[in-house]
Amino acid sequence: MSKFIVLVRVSVVALALTACGSAATCPAGYARVGDLCMQVAADDGGVADAGWTTDGALPDTDAGVVEDGGTVVMLDDGGAAEDAATPVEDACVAHDETCNGLDDDCDGAVDEALKPAFFYADADGDGHGDPSTLGMGCSVPAGAVALGDDCDDTCPTCFPGASEVCNGVDEDCVLGADNGALLAFYADADGDGYGNAATVTTACAPPVGFVAVAGDCDDGSAAIHPGAPEVCNLIDDNCTGGVDEGLPITTYYADADGDGFAPSGAATRDACAPVAGYTSRAPVTGSTDCADGDPRAYPGQTSYFTGEVVGRPGNRDFNCSVSLEPQYPGGGFCSGSAIDCRGATGFIGIQPLCGTAAATYQTSCGVQFVSGTLSCVGTTDHRAQGCR
């Protein structure tokens with residue numbers, strides 16, 4: 001709304017303006033014009049009267065103010081208006097608008113030059129406000145902040161961007177408490193400190209029977225886990241995926257009859273310890289098993305047997321020497337007198353072959369008392385010829 005001042009046939013001796021803001025009345029000697037109080041004087045030395053009108057008509061005193069769009073007119077004592085001056089807008093001294101609830105710049109509006117500020121109460125002082133406490137003003141008051149994104153305004157460590165800690169509290173204000181901070185724990189049935197990766201749970205601390213480290217390849221044996229010493233037992237003790245790795249390895253040869261000798265062309269197996277059904281003795285010349293189905297037949301056999309090698313009809317070569325060696329010699333006899341008694345052990349007569357019927361064997365010969373008389377006496381038995 002504009003107001004105009006028209007000067008009529010008077011010489012204004014003095015004109016003073018002062019800001020009155022929202023004051024209801026002006027000081028003595030001033031007339032209110034908008035938010036200003038204006039001092040006026042008549043040319044005859046008398047001070048102009050001030051008055052108000054709301055109907056557009058001039059007041060009936062020497063001078064008056066119209067606040068509804070009419071004209072402010074200064075009159076002489078006779079009440080007649082003379083020479084009119086060019087109208088001017090509100091006679092007002094403008095100041096910078098500040099946030100104080102007043103019209104400092106005299107434009108009829110309060111605090112309008114300032115950008116409205118939205119703010120939120122920040123009870124915990126973390127720089128993030130409670131979104132449910134929205135307020136607005138021309139500035140952010142003490143105890144409030146411009147950010148309204150706090151998920152817990154009673155927790156100074158809880159705000160967007162904070163580091164989430166596994167403690168049951170939502171520090172970062174994202175997806176609830178402990179989001180992204182829960183730890184994985186694995187079942188440890190054998191108590192060796194290493195868990196089974198197939199049985200996992202998440203928590204802030206390990207539940208009973210769970211550990212933080214997985215990787216146990218056998219959760220039923222406390223001796224088997226990552227880092228355990230590898231033992232020569234055909235087991236993956238350290239859970240690396242290998243068996244007996246890093247240990248001295250020996251080549252073993254298949255020994256079906258368990259006599260410690262392998263046949264020519266036997267299958268092999270590398271291991272760090274003896275393997276059942278295998279021998280470490282290589283089947284080389286002089287150490288090759290000639291009958292791997294009969295544990296009695298092997299190189300160096302010192303015993304004699306009356307039967308055949310198992311699986312080899314007619315074969316009595318139990319020491320794998322190729323040549324047959326009989327157990328007992330022939331030439332056994334006993335004869336003579338007590339004075340000249342002679343004899344030898346062995347089969348009496350012809351030396352029998354292996355596998356033939358038992359024959360008489362001279363076991364001893366010597367002088368003995370027989371019916372009170374010294375005599376040359378021998379003893380015999382029946383036995384079968386043994387071979388190797």
# chains A, B, ... in the order shown; residues from 1 in each chain; ligands from 1
call {"tool": "residues_around", "arguments": {"residues": "range 161-168 of chain A", "least_positions_apart": "2", "cutoff": "10 Å", "atoms": "only C-alpha atoms", "output": "ChimeraX atom specification"}}
result
/A:157-159,170-174,176-183,203-205
call {"tool": "closest_residue", "arguments": {"among": "A:Asp126, A:Asp111, A:Glu230, A:Asp188", "to": "Leu147 in chain A", "atoms": "only C-alpha atoms"}}
result
A:Asp126
call {"tool": "residues_around", "arguments": {"residues": "Ala142 in chain A", "least_positions_apart": "6", "cutoff": "12 Å", "atoms": "only C-alpha atoms", "output": "ChimeraX atom specification"}}
result
/A:119-123,125,127
call {"tool": "write_last_selection", "arguments": {"atoms": "N, CA, C and O atoms", "output": "CSV table (one decimal), in the first residue's frame"}}
result
chain,number,residue,atom,x,y,z
A,119,PHE,N,14.2,-26.2,11.4
A,119,PHE,CA,15.2,-26.8,12.4
A,119,PHE,C,14.5,-27.8,13.2
A,119,PHE,O,13.2,-27.9,13.3
A,120,TYR,N,15.3,-28.6,13.9
A,120,TYR,CA,14.8,-29.8,14.7
A,120,TYR,C,15.6,-29.8,16.0
A,120,TYR,O,16.8,-29.4,16.1
A,121,ALA,N,14.9,-30.2,17.0
A,121,ALA,CA,15.5,-30.3,18.4
A,121,ALA,C,16.6,-31.3,18.4
A,121,ALA,O,16.4,-32.4,17.8
A,122,ASP,N,17.8,-31.0,18.9
A,122,ASP,CA,18.9,-31.9,19.0
A,122,ASP,C,19.2,-32.1,20.5
A,122,ASP,O,20.1,-31.5,21.0
A,123,ALA,N,18.4,-33.0,21.2
A,123,ALA,CA,18.6,-33.2,22.6
A,123,ALA,C,19.9,-33.8,23.0
A,123,ALA,O,20.4,-33.5,24.1
A,125,GLY,N,22.8,-33.6,21.3
A,125,GLY,CA,24.0,-32.8,20.9
A,125,GLY,C,24.8,-33.5,19.9
A,125,GLY,O,26.0,-33.2,19.8
A,127,GLY,N,24.4,-33.3,16.6
A,127,GLY,CA,24.4,-32.6,15.3
A,127,GLY,C,23.3,-33.1,14.4
A,127,GLY,O,23.1,-32.6,13.3
call {"tool": "residues_around", "arguments": {"residues": "Tyr186 in chain A", "least_positions_apart": "4", "cutoff": "9 Å", "atoms": "only C-alpha atoms", "output": "mmCIF file with N, CA and C atoms, in the first residue's frame"}}
result
data_model
loop_
_atom_site.group_PDB
_atom_site.id
_atom_site.type_symbol
_atom_site.label_atom_id
_atom_site.label_comp_id
_atom_site.auth_asym_id
_atom_site.auth_seq_id
_atom_site.Cartn_x
_atom_site.Cartn_y
_atom_site.Cartn_z
ATOM 1 N N TYR A 194 38.075 -74.600 16.544
ATOM 2 C CA TYR A 194 37.762 -74.384 15.132
ATOM 3 C C TYR A 194 36.377 -74.960 14.861
ATOM 4 N N GLY A 195 35.552 -74.174 14.135
ATOM 5 C CA GLY A 195 34.176 -74.580 13.935
ATOM 6 C C GLY A 195 33.889 -75.166 12.573
ATOM 7 N N ASN A 196 32.709 -75.756 12.492
ATOM 8 C CA ASN A 196 32.213 -76.344 11.254
ATOM 9 C C ASN A 196 31.512 -75.255 10.445
ATOM 10 N N ALA A 197 32.029 -74.945 9.263
ATOM 11 C CA ALA A 197 31.491 -73.861 8.443
ATOM 12 C C ALA A 197 30.058 -74.119 8.017
ATOM 13 N N ALA A 198 29.606 -75.356 8.064
ATOM 14 C CA ALA A 198 28.249 -75.676 7.637
ATOM 15 C C ALA A 198 27.212 -75.334 8.710
ATOM 16 N N THR A 199 27.656 -75.094 9.953
ATOM 17 C CA THR A 199 26.736 -74.755 11.030
ATOM 18 C C THR A 199 27.125 -73.394 11.573
ATOM 19 N N VAL A 200 26.442 -72.345 11.111
ATOM 20 C CA VAL A 200 26.828 -70.965 11.420
ATOM 21 C C VAL A 200 25.652 -70.199 12.006
ATOM 22 N N THR A 201 25.945 -69.264 12.895
ATOM 23 C CA THR A 201 24.950 -68.347 13.436
ATOM 24 C C THR A 201 25.582 -66.976 13.543
ATOM 25 N N THR A 202 24.769 -65.921 13.667
ATOM 26 C CA THR A 202 25.306 -64.569 13.801
ATOM 27 C C THR A 202 24.885 -63.984 15.137
ATOM 28 N N PRO A 206 30.107 -64.979 20.805
ATOM 29 C CA PRO A 206 29.883 -66.389 20.483
ATOM 30 C C PRO A 206 28.963 -67.084 21.472
ATOM 31 N N GLY A 209 29.292 -73.212 22.682
ATOM 32 C CA GLY A 209 29.504 -74.246 21.678
ATOM 33 C C GLY A 209 29.835 -73.712 20.303
ATOM 34 N N PHE A 210 30.016 -72.381 20.186
ATOM 35 C CA PHE A 210 30.352 -71.776 18.908
ATOM 36 C C PHE A 210 31.643 -70.987 19.038
ATOM 37 N N VAL A 211 32.381 -70.884 17.939
ATOM 38 C CA VAL A 211 33.629 -70.129 17.908
ATOM 39 C C VAL A 211 33.644 -69.236 16.681
ATOM 40 N N ALA A 212 34.575 -68.287 16.685
ATOM 41 C CA ALA A 212 34.624 -67.305 15.598
ATOM 42 C C ALA A 212 35.384 -67.801 14.374
ATOM 43 N N VAL A 213 36.141 -68.890 14.520
ATOM 44 C CA VAL A 213 36.982 -69.377 13.422
ATOM 45 C C VAL A 213 36.401 -70.667 12.850
ATOM 46 N N ALA A 214 36.193 -70.673 11.549
ATOM 47 C CA ALA A 214 35.697 -71.885 10.882
ATOM 48 C C ALA A 214 36.879 -72.666 10.307
#
call {"tool": "residues_around", "arguments": {"residues": "range 330-344 of chain A", "least_positions_apart": "2", "cutoff": "10 Å", "atoms": "only C-alpha atoms", "output": "ChimeraX atom specification"}}
result
/A:328,346-352,360-369,373-380
